[in-house]
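Enquirer: Contents of start25.txt (compact mmCIF, C-alpha atoms):
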```txt
# COMPACT_ATOMS: atom_id res chain seq x y z
CA MET A 12 -74.14 -107.61 93.70
CA ASN A 13 -75.74 -105.43 91.08
CA GLY A 14 -76.23 -102.73 93.69
CA PHE A 15 -72.54 -102.77 94.50
CA TRP A 16 -71.50 -102.28 90.89
CA ALA A 17 -74.09 -99.54 90.55
CA LEU A 18 -72.51 -97.75 93.51
CA VAL A 19 -69.06 -98.21 92.00
CA ALA A 20 -70.24 -96.82 88.68
CA ALA A 21 -71.92 -93.87 90.39
CA GLY A 22 -68.75 -93.19 92.33
CA ALA A 23 -66.67 -93.35 89.16
CA PHE A 24 -68.99 -90.96 87.38
CA ALA A 25 -68.92 -88.57 90.35
CA THR A 26 -65.14 -88.70 90.48
CA ALA A 27 -64.89 -88.16 86.76
CA GLY A 28 -67.32 -85.26 87.04
CA LEU A 29 -65.29 -83.65 89.81
CA LEU A 30 -62.08 -84.10 87.87
CA LEU A 31 -63.72 -82.66 84.76
CA TYR A 32 -64.96 -79.64 86.72
CA PHE A 33 -61.73 -78.87 88.57
CA GLN A 34 -59.40 -79.70 85.69
CA ILE A 35 -61.34 -78.23 82.75
CA VAL A 36 -64.58 -76.40 83.53
CA ARG A 37 -63.38 -74.32 86.47
CA PRO A 38 -60.06 -73.23 84.84
CA TYR A 39 -61.93 -72.44 81.64
CA LEU A 40 -64.44 -70.24 83.50
CA ARG A 41 -61.66 -68.37 85.34
CA VAL A 42 -59.68 -67.81 82.15
CA ARG A 43 -62.81 -66.60 80.36
CA GLU A 44 -63.59 -64.22 83.26
CA SER A 45 -60.04 -62.86 83.12
CA LEU A 46 -60.29 -62.27 79.37
CA ARG A 47 -63.64 -60.53 79.85
CA ARG A 48 -62.15 -58.20 82.44
CA LEU A 49 -59.23 -57.38 80.15
CA ALA A 50 -61.65 -56.72 77.28
CA ASN A 51 -63.51 -54.26 79.55
CA ARG A 52 -60.22 -52.37 80.19
CA ASN A 53 -59.93 -53.71 83.73
CA PHE A 54 -56.22 -54.41 83.78
CA ALA A 55 -55.91 -55.13 87.50
CA GLU A 56 -54.50 -58.49 88.46
CA THR A 57 -57.12 -61.22 88.37
CA PRO A 58 -56.96 -64.63 90.06
CA LEU A 59 -56.06 -67.34 87.59
CA PRO A 60 -55.73 -71.10 87.99
CA SER A 61 -52.28 -72.53 88.44
CA ALA A 62 -50.34 -72.77 85.21
CA LYS A 63 -50.43 -76.53 84.82
CA GLY A 64 -52.42 -79.17 83.07
CA LEU A 65 -54.58 -78.55 80.02
CA PHE A 66 -54.71 -74.76 80.52
CA LYS A 67 -51.04 -74.23 81.29
CA GLY A 68 -50.38 -72.42 77.95
CA PRO A 69 -53.51 -70.20 77.91
CA VAL A 70 -53.09 -69.24 81.60
CA SER A 71 -49.47 -68.23 80.98
CA ASP A 72 -50.47 -66.20 77.90
CA VAL A 73 -53.30 -64.42 79.76
CA ARG A 74 -50.94 -63.51 82.62
CA ARG A 75 -48.36 -62.15 80.17
CA ILE A 76 -51.03 -60.13 78.34
CA SER A 77 -52.35 -58.79 81.66
CA ASP A 78 -48.83 -57.71 82.73
CA LEU A 79 -48.18 -55.99 79.39
CA LEU A 80 -51.50 -54.18 79.48
CA GLN A 81 -50.86 -53.00 83.03
CA GLN A 82 -47.47 -51.64 82.00
CA LEU A 83 -48.96 -49.95 78.95
CA ASP A 84 -51.77 -48.48 81.03
CA ARG A 85 -49.28 -47.04 83.55
CA GLN A 86 -47.16 -45.65 80.70
CA ILE A 87 -50.15 -43.99 79.04
CA THR A 88 -51.26 -42.54 82.38
CA ASP A 89 -47.78 -41.14 83.09
CA GLU A 90 -47.49 -39.70 79.58
CA GLY A 91 -50.97 -38.21 79.91
CA PHE A 92 -49.98 -36.48 83.14
CA SER A 93 -46.79 -35.21 81.52
CA LEU A 94 -48.64 -33.97 78.43
CA ARG A 95 -51.25 -32.16 80.50
CA ALA A 96 -48.53 -30.60 82.65
CA ILE A 97 -46.65 -29.39 79.57
CA LEU A 98 -49.76 -28.01 77.87
CA SER A 99 -50.99 -26.25 81.02
CA SER A 100 -47.62 -24.54 81.47
CA MET A 101 -47.47 -23.21 77.90
CA VAL A 102 -48.46 -19.63 77.15
CA GLU A 103 -49.06 -20.51 73.50
CA GLY A 104 -52.40 -21.93 72.46
CA VAL A 105 -52.13 -25.56 71.38
CA LEU A 106 -54.58 -27.66 69.37
CA ILE A 107 -54.42 -31.20 67.99
CA ALA A 108 -56.71 -32.18 65.11
CA ASP A 109 -57.21 -35.62 63.57
CA ARG A 110 -57.29 -36.51 59.87
CA SER A 111 -60.96 -35.57 59.67
CA GLN A 112 -59.91 -32.09 60.89
CA LYS A 113 -61.83 -32.43 64.12
CA VAL A 114 -60.43 -30.98 67.33
CA ARG A 115 -59.16 -33.70 69.66
CA LEU A 116 -57.21 -31.69 72.22
CA VAL A 117 -56.79 -28.07 73.30
CA ASN A 118 -54.97 -26.47 76.21
CA ASP A 119 -56.30 -23.83 78.60
CA ALA A 120 -54.11 -21.13 77.04
CA LEU A 121 -55.98 -21.43 73.72
CA LEU A 122 -59.38 -21.30 75.43
CA SER A 123 -58.30 -18.14 77.27
CA LEU A 124 -56.57 -16.57 74.26
CA LEU A 125 -59.62 -16.81 72.00
CA ALA A 126 -62.22 -16.59 74.80
CA LEU A 127 -63.82 -19.85 73.68
CA LYS A 128 -66.85 -20.45 75.88
CA ASP A 129 -68.09 -23.63 74.16
CA SER A 130 -65.80 -26.63 74.14
CA PRO A 131 -64.18 -27.09 70.70
CA LEU A 132 -63.55 -30.81 71.28
CA ASN A 133 -64.86 -33.16 68.57
CA ARG A 134 -65.90 -30.20 66.41
CA PRO A 135 -64.47 -29.39 62.95
CA VAL A 136 -61.70 -26.81 63.00
CA ILE A 137 -63.49 -24.68 60.39
CA GLU A 138 -66.59 -24.60 62.61
CA VAL A 139 -64.62 -23.44 65.65
CA PHE A 140 -62.40 -20.81 63.99
CA ARG A 141 -64.21 -20.03 60.72
CA ARG A 142 -60.94 -19.22 58.97
CA HIS A 143 -60.31 -20.83 55.59
CA GLU A 144 -56.60 -20.06 55.65
CA LEU A 145 -56.30 -22.15 58.81
CA GLN A 146 -58.25 -24.99 57.21
CA ASN A 147 -56.04 -24.84 54.09
CA ALA A 148 -52.87 -24.96 56.19
CA LEU A 149 -54.26 -27.91 58.14
CA GLU A 150 -55.10 -29.79 54.94
CA ALA A 151 -51.62 -29.15 53.53
CA ALA A 152 -49.95 -30.40 56.72
CA LEU A 153 -52.10 -33.54 56.80
CA VAL A 154 -51.82 -34.40 53.09
CA GLU A 155 -48.30 -33.26 52.23
CA GLY A 156 -46.74 -33.58 55.67
CA THR A 157 -44.97 -30.22 55.30
CA PRO A 158 -45.09 -27.66 58.14
CA GLN A 159 -47.19 -24.57 57.48
CA GLU A 160 -46.92 -21.06 58.90
CA ILE A 161 -49.67 -18.47 58.51
CA GLN A 162 -50.77 -15.19 60.06
CA ILE A 163 -54.43 -14.59 60.92
CA THR A 164 -56.39 -11.84 62.62
CA MET A 165 -59.49 -12.70 64.63
CA GLU A 166 -62.11 -10.78 66.53
CA VAL A 167 -62.51 -12.19 70.03
CA PRO A 168 -64.71 -11.08 72.95
CA SER A 169 -63.00 -8.52 75.16
CA PRO A 170 -63.07 -8.75 78.97
CA LEU A 171 -64.15 -5.09 78.98
CA GLY A 172 -67.03 -5.77 76.62
CA GLY A 173 -67.31 -5.75 72.87
CA TYR A 174 -64.60 -7.30 70.70
CA GLU A 175 -60.89 -6.86 70.18
CA LEU A 176 -58.54 -7.88 67.38
CA LYS A 177 -56.06 -10.65 68.01
CA HIS A 178 -53.09 -11.04 65.68
CA LEU A 179 -51.85 -14.62 65.63
CA ASP A 180 -48.87 -16.40 64.11
CA VAL A 181 -49.97 -20.00 63.56
CA ASN A 182 -47.68 -23.00 63.03
CA VAL A 183 -49.19 -26.25 61.74
CA SER A 184 -47.21 -29.51 61.72
CA GLY A 185 -48.23 -33.06 60.89
CA LEU A 186 -47.94 -35.76 63.55
CA THR A 187 -46.53 -38.86 61.88
CA PRO A 188 -46.05 -42.24 63.60
CA GLN A 189 -42.76 -43.93 62.82
CA ALA A 190 -44.44 -46.73 60.91
CA GLN A 191 -46.38 -44.33 58.68
CA ALA A 192 -45.29 -41.82 56.10
CA ARG A 193 -48.58 -39.93 56.14
CA PRO A 194 -49.60 -37.82 59.15
CA ASN A 195 -52.62 -39.07 61.04
CA ALA A 196 -53.01 -35.85 63.07
CA ALA A 197 -51.81 -32.25 63.12
CA LEU A 198 -50.39 -30.02 65.84
CA VAL A 199 -51.46 -26.37 65.67
CA VAL A 200 -49.67 -23.77 67.81
CA PHE A 201 -51.07 -20.23 68.15
CA HIS A 202 -48.65 -17.42 69.05
CA ASP A 203 -50.28 -14.19 70.22
CA VAL A 204 -48.37 -11.35 68.53
CA THR A 205 -51.04 -8.70 69.08
CA ALA A 206 -48.78 -6.51 71.23
CA ILE A 207 -46.00 -6.68 68.62
CA ARG A 208 -48.36 -5.84 65.75
CA ASN A 209 -49.88 -2.93 67.68
CA LEU A 210 -46.39 -1.63 68.47
CA GLU A 211 -45.39 -1.91 64.83
CA ALA A 212 -48.54 0.01 63.83
CA ARG A 213 -47.76 2.76 66.35
CA GLN A 214 -44.19 2.95 65.09
CA ARG A 215 -45.39 3.29 61.48
CA GLU A 216 -47.83 5.99 62.53
CA LEU A 217 -45.13 7.78 64.50
CA LEU A 218 -42.71 7.58 61.58
CA ALA A 219 -45.32 9.09 59.29
CA ASN A 220 -46.02 11.89 61.79
CA VAL A 221 -42.31 12.55 62.37
CA SER A 222 -41.66 12.63 58.64
CA HIS A 223 -44.43 15.20 58.22
CA GLU A 224 -43.25 17.30 61.15
CA PHE A 225 -39.69 17.29 59.86
CA ARG A 226 -40.68 18.06 56.31
CA THR A 227 -42.58 21.26 57.20
CA PRO A 228 -39.80 23.19 59.02
CA LEU A 229 -37.17 21.95 56.57
CA ALA A 230 -39.28 23.21 53.68
CA ILE A 231 -39.62 26.61 55.39
CA ILE A 232 -35.87 26.82 56.04
CA ASN A 233 -35.13 25.77 52.48
CA GLY A 234 -37.50 28.45 51.21
CA TYR A 235 -35.75 31.18 53.18
CA VAL A 236 -32.32 29.94 52.02
CA GLU A 237 -33.43 30.05 48.40
CA THR A 238 -34.86 33.50 48.97
CA LEU A 239 -31.54 34.71 50.33
CA MET A 240 -29.65 33.07 47.49
CA ASP A 241 -31.92 34.75 44.96
CA GLY A 242 -30.74 38.17 46.16
CA ALA A 243 -32.80 38.85 49.26
CA SER A 244 -29.56 39.02 51.25
CA SER A 245 -29.08 42.51 49.88
CA ASP A 246 -32.44 43.51 51.41
CA PRO A 247 -31.74 44.06 55.12
CA GLU A 248 -35.38 43.73 56.19
CA MET A 249 -35.92 40.50 54.23
CA ALA A 250 -32.57 39.10 55.32
CA GLU A 251 -33.35 39.79 58.98
CA ARG A 252 -36.82 38.17 58.67
CA SER A 253 -35.33 35.08 56.99
CA LEU A 254 -32.52 34.67 59.50
CA SER A 255 -34.85 35.10 62.50
CA ALA A 256 -37.29 32.49 61.15
CA MET A 257 -34.62 29.84 60.58
CA PRO A 258 -33.69 29.15 64.25
CA LYS A 259 -37.34 28.84 65.22
CA ASN A 260 -37.92 26.24 62.54
CA CYS A 261 -34.68 24.47 63.49
CA ARG A 262 -35.95 24.12 67.07
CA ARG A 263 -39.15 22.32 65.97
CA PRO A 264 -37.35 19.08 64.89
CA ALA A 265 -35.21 19.23 68.04
CA LEU A 266 -38.34 19.50 70.24
CA LEU A 267 -39.93 16.65 68.29
CA ILE A 268 -36.88 14.44 68.96
CA ASP A 269 -36.98 15.34 72.67
CA ASP A 270 -40.68 14.41 72.82
CA ARG A 271 -39.96 11.08 71.13
CA LEU A 272 -37.16 10.30 73.60
CA THR A 273 -39.49 11.10 76.49
CA MET A 274 -42.18 8.81 75.07
CA SER A 275 -39.62 6.02 74.65
CA SER A 276 -38.51 6.30 78.26
CA LEU A 277 -42.15 6.17 79.39
CA ASP A 278 -42.81 3.11 77.20
CA GLU A 279 -39.84 1.38 78.79
CA ARG A 280 -40.97 2.52 82.26
CA ALA A 281 -37.52 3.93 82.79
CA LYS A 282 -38.93 7.06 84.40
CA LEU A 283 -41.86 7.85 86.61
CA LEU A 284 -44.00 10.93 86.23
CA GLU A 285 -43.31 13.57 88.85
CA CYS A 286 -46.56 15.29 89.76
CA GLN A 287 -46.52 18.72 91.47
CA ARG A 288 -49.25 21.01 92.63
CA GLY A 289 -49.71 24.08 90.52
```
Take the structure from the file and write it as structure tokens.

Expert:
Amino acid sequence: MNGFWALVAAGAFATAGLLLYFQIVRPYLRVRESLRRLANRNFAETPLPSAKGLFKGPVSDVRRISDLLQQLDRQITDEGFSLRAILSSMVEGVLIADRSQKVRLVNDALLSLLALKDSPLNRPVIEVFRRHELQNALEAALVEGTPQEIQITMEVPSPLGGYELKHLDVNVSGLTPQAQARPNAALVVFHDVTAIRNLEARQRELLANVSHEFRTPLAIINGYVETLMDGASSDPEMAERSLSAMPKNCRRPALLIDDRLTMSSLDERAKLLECQRG
């Protein structure tokens, strides 16, 4: 009789143990494994126990968290692809720096523009560019949140060897989340205006040369006119010399204008040179 009750008790304990395992231990282990996978950024769907019994609430919450994280992961991936596509298609150099003024993102255009061989990522902006005006503009954008615009000139390695000057217009803007009033990052856009600055320099040089070339013949003509007005007109030899010199000096500005028009047409590639054998 005692043996019978011992068997009954053993059976009850075994049944209770199985129920405890399948109803509590096993669901707990599966929920814990799912949470561990989510914590390790593995957002793929994971097998979970049926949403019933003691773990009905936690299982439902874990599934909802998993779905939200999968959606967020897909959204971040899509936005990352879009951002990379936009940055790679831009001709302007683009840089994003965090509040510690370390470089967090650059596009290929900036690497090519400044011939940066070493990656600037995770390095301070001042270390990469060594320009205090850029650092000051970055600080102002991060602290005050007001956009900054500066012009800088940098020496960069030339593809032909040596170095060349790059003239850059730089715009710095703070990146501010909607919930914050203070920027937590800054967007820096580099516009290469080297060709424009070089053209402006050539135009200033040309204007100075033209002014000089015009001033010389006009001064000569004015001198002869004053000479004639002072009475040289009554001297036939002096009058003839003055009058013969005036047309020659009048032609010099006209030739200078023709040369300038020719240079302009060549700059605009409106005409091709016609080469002939001599």

Enquirer: Looking at A:Val183, A:Ala120, A:Val167, A:Val102, which one is nearest to Leu145 in chain A, with distances taken over all atoms listed in the file?

Expert: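 Of the candidates, the smallest distance to Leu145 in chain A is held by A:Val183.
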
Enquirer: Considering all atoms listed in the file, can you say which of A:Glu251, A:Asp241, A:Asp270, A:Asp119 comes closest to Leu106 in chain A?

Expert: A:Asp119

Enquirer: Point out the residue among A:Ala197, A:Leu254, A:Leu239, A:Val181 with the least atom-to-atom distance to Glu150 in chain A, counting all atoms listed in the file.

Expert: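 Checking each candidate against Glu150 in chain A, we get A:Ala197 as the closest.
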
Enquirer: Please report, as a tab-separated table, each residue of range 146-188 of chain A lying at most 12 Å from range 207-231 of chain A, together with the nearest pair of atoms and the separation in Å rounded to one decimal; use all atoms listed in the file, and order rows by chain and ascending residue number.

Expert:
```
residue	atom	partner	partner_atom	distance
A:Gln162	CA	A:Arg208	CA	11.2
A:Ile163	CA	A:Arg208	CA	11.7
A:Thr164	CA	A:Arg208	CA	10.5
A:Glu175	CA	A:Asn209	CA	12.0
A:Leu176	CA	A:Asn209	CA	10.0
A:Lys177	CA	A:Arg208	CA	9.4
A:His178	CA	A:Arg208	CA	7.0
A:Leu179	CA	A:Arg208	CA	9.4
A:Asp180	CA	A:Arg208	CA	10.7
```

Enquirer: Just how far from CA of Pro194 in chain A is CA of Arg110 in chain A, in Å to one decimal?

Expert: 7.8 Å

Enquirer: CA of Val105 in chain A and CA of Val200 in chain A, how far apart in Å?

Expert: 4.7 Å

Enquirer: Every residue with an atom at most 8 Å from (-41.8, -33.1, 57.7) (file coordinates; only C-alpha atoms) is what I'm after, so could you write them as a list of chain:residue names?

Expert: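 Applying the cut-off with only C-alpha atoms, one gets A:Gly156, A:Thr157, A:Pro158, A:Ser184, A:Gly185.
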
Enquirer: What is the CA of Val136 in chain A to CA of Arg193 in chain A distance in Å?

Expert: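 Distance between the two atoms: 19.8 Å.
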
Enquirer: Between A:Thr238, A:Ile161, A:Ser169, A:Ile107, single out the one closest to Ser123 in chain A, counting only C-alpha atoms.

Expert: A:Ser169

Enquirer: Kindly list the centre and edge lengths in Å, rounded to one decimal, for the axis-aligned box that covers all listed atoms of range 155-160 of chain A plus 5 Å on each of its six sides, as JSON.

Expert:
```
{"center_x": -46.6, "center_y": -27.3, "center_z": 55.6, "size_x": 13.3, "size_y": 22.5, "size_z": 16.7}
```

Enquirer: Measuring between all atoms listed in the file, which one of A:Ala250, A:Val204, A:Met240, A:Leu186 shows the shortest distance to Val154 in chain A?

Expert: A:Leu186
